[in-house]
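Enquirer: Encoded as C-alpha cells, here's the structure I'll be asking about.
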Amino acid sequence: MSSRRPVRRTAPPVHRPTAPGRIPVLPLGLALGLLLLLSLVCGVGLGAAGVGWANVPRFLWAGLTGATVHANDVASYTIVWEIRLPRVLLGAVVGAGLASVGVAVQAMVRNALADPFVLGISSGAAVGANAVILLGAFAGLGVWALSASAFASALMAMALVYAVARSPHGLTPLRLILTGTALAYGFEAVTTVMVFGAARGEAARSAMMWLLGSLGGATWAQVPLAAVTVAAGWTWLRRRAEALNALAMGDETAAALGVRPARLRRELFVVTAAVTGTVVAVSGAIGFVGLMVPHVVRMLVGADHRRVLVVAPLAGAVLLVWADGLSRLLFAPAELPVGVITAVVGVPAFLLLMRRGGYAFGGR
C-alpha cells in the first residue's frame, strides 16, 4: 500500500507587465537619485542667512574631513554643517519613509485615500508631543523629550488601534480604517483641548507648527535613528513586494496565490506603524506626501510594487527636501509649516496629473 505525500502548493509570482507609456524604473530611479543629491546640496545652500553658494561645498568638505575652517567662516560653517545639513538629510529620510509607508498602507487597506496617518498613529503621537510643548512633560529627558514622548504615544496609539480593530478574522481593511479614523478624531480632540488650554501663546504656536509638520528642530542625533528605521522598513516592504501585489488584488486572490492576508496585514500594520511613529516623532505630522507620491509613482511606472517601492522613496525624499526649502524662504526669516507647502504644491500637481486621464487606483 503506497502512501502519497501531500504536495505543497507554492504561489506563482504576481507579475504586472509595464503598461504602454510607463517609464522604465532604472533610468527613472537614476534620474531621481541624481536629483536628490542636487536637492540636498541646494537645500543646504538655501536659507535666510546667506552663506554663499561657493562656500557650501567647501564647508561640507571641511565637515566630512575635519579640515580647518577660517575664524571668519565659523558662523557660516556652523549654519551649514550643524543646522542645515542634518535638516535636509532628515527631510529626505522622512519623505522617503512617508512615501514608502503610503504605498504599503494603500495596499494593506485597499483604499485610494489611505495614507500613513489613516491608522491614527500621527494623531496619537501629537498627544505626546503637545504634552511636552504645552505642559512641560518629560522635561528630564532634555532635547529628547519631544521625540521620545511623541514616539511613546505613537506606540500606545498603535497598540490601541490594534486591540480595537482586531477580530477573529484578523485585521480587515474596513475595521482598520474605521478604527484608525475614529481614534484619530479622539486624539485630535485631546490635542485641541491642550492647545486651547495653553497658558502661553508661543507654546500654542509651537504646538500648531508641530501638528502641521516642521523640520526646524532637526539635529544630527535624530538622523541615524530615523534613517535606520526607514531603511529597515523599506527593506522589509521591498522583500514582500510580490505579496503586496497579491494583497492589492483582494484577500481571496491573495489566499489563492499562497499569501495569508491576515498575517501579512498584521505584519504590515506593525512595520508601517513603527516607521510612521518614528518619522512623526522627529518631524511632526507632515501630510499629503504619503497620499500623493504613491499615486504619482503608479502613474509613471505602473502598479507593480517591486517598481513602485524603488521609485516612491526617492520621489518622496526629493519632494520633502524642496518643500522644506520653500518653507524657509517664502516668509524668511519666519518659517511656514512644511505640511502647508506639501499641500499647496502637491494638490494642484496631483489634480493636473489626474486630469490627464488613464489612471485608476492600482495603476491601471
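Each chain in the C-alpha cells gets a letter, A, B, ..., in the order shown, and its residues are numbered from 1; ligands are numbered from 1 in order too.
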Neighbours of stretch 177-180 of chain A within 8 Å (only C-alpha atoms; same-chain residues fewer than 6 positions away dropped), as a PDB file with N, CA, C and O atoms, in the first residue's frame?
Expert:
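This is the output file result_9.pdb:
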```
ATOM      1  N   VAL A 109      -4.959  48.339   3.106  1.00  0.00           N
ATOM      2  CA  VAL A 109      -6.394  48.578   3.300  1.00  0.00           C
ATOM      3  C   VAL A 109      -7.151  48.679   1.982  1.00  0.00           C
ATOM      4  O   VAL A 109      -8.369  48.864   1.980  1.00  0.00           O
ATOM      5  N   VAL A 118      -3.722  57.316   8.344  1.00  0.00           N
ATOM      6  CA  VAL A 118      -5.086  56.815   8.437  1.00  0.00           C
ATOM      7  C   VAL A 118      -5.254  55.871   9.629  1.00  0.00           C
ATOM      8  O   VAL A 118      -6.368  55.638  10.095  1.00  0.00           O
ATOM      9  N   LEU A 119      -4.157  55.333  10.142  1.00  0.00           N
ATOM     10  CA  LEU A 119      -4.230  54.417  11.273  1.00  0.00           C
ATOM     11  C   LEU A 119      -4.298  55.137  12.615  1.00  0.00           C
ATOM     12  O   LEU A 119      -4.351  54.486  13.658  1.00  0.00           O
ATOM     13  N   GLY A 120      -4.264  56.459  12.611  1.00  0.00           N
ATOM     14  CA  GLY A 120      -4.361  57.210  13.861  1.00  0.00           C
ATOM     15  C   GLY A 120      -3.049  57.339  14.608  1.00  0.00           C
ATOM     16  O   GLY A 120      -3.011  57.875  15.723  1.00  0.00           O
ATOM     17  N   ILE A 121      -1.941  56.869  13.999  1.00  0.00           N
ATOM     18  CA  ILE A 121      -0.659  56.895  14.686  1.00  0.00           C
ATOM     19  C   ILE A 121      -0.173  58.330  14.890  1.00  0.00           C
ATOM     20  O   ILE A 121       0.313  58.692  15.967  1.00  0.00           O
ATOM     21  N   VAL A 161      -5.174  50.926  18.579  1.00  0.00           N
ATOM     22  CA  VAL A 161      -5.813  50.656  17.291  1.00  0.00           C
ATOM     23  C   VAL A 161      -5.819  49.162  17.000  1.00  0.00           C
ATOM     24  O   VAL A 161      -6.830  48.598  16.556  1.00  0.00           O
ATOM     25  N   VAL A 164      -8.418  47.321  19.255  1.00  0.00           N
ATOM     26  CA  VAL A 164      -9.822  47.568  18.898  1.00  0.00           C
ATOM     27  C   VAL A 164     -10.157  46.989  17.527  1.00  0.00           C
ATOM     28  O   VAL A 164     -11.243  46.433  17.322  1.00  0.00           O
ATOM     29  N   ALA A 165      -9.232  47.099  16.580  1.00  0.00           N
ATOM     30  CA  ALA A 165      -9.516  46.669  15.203  1.00  0.00           C
ATOM     31  C   ALA A 165      -9.434  45.159  15.028  1.00  0.00           C
ATOM     32  O   ALA A 165     -10.022  44.608  14.094  1.00  0.00           O
TER      33      ALA A 165
END
```
Enquirer: Using DSSP on the backbone coordinates, identify all residues within stretch 29-154 of chain A classified as helix (DSSP H, G or I); present the result as a PyMOL selection string.
Expert: chain A and resi 29-45+55-65+71-109+121-135+139-154
Enquirer: Using only C-alpha atoms, which residue out of A:Ala207, A:Ala262, A:Phe138, A:Gly186 lies closest to A:Pro168?
Expert: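 So, comparing all the options, the nearest one is A:Ala262.
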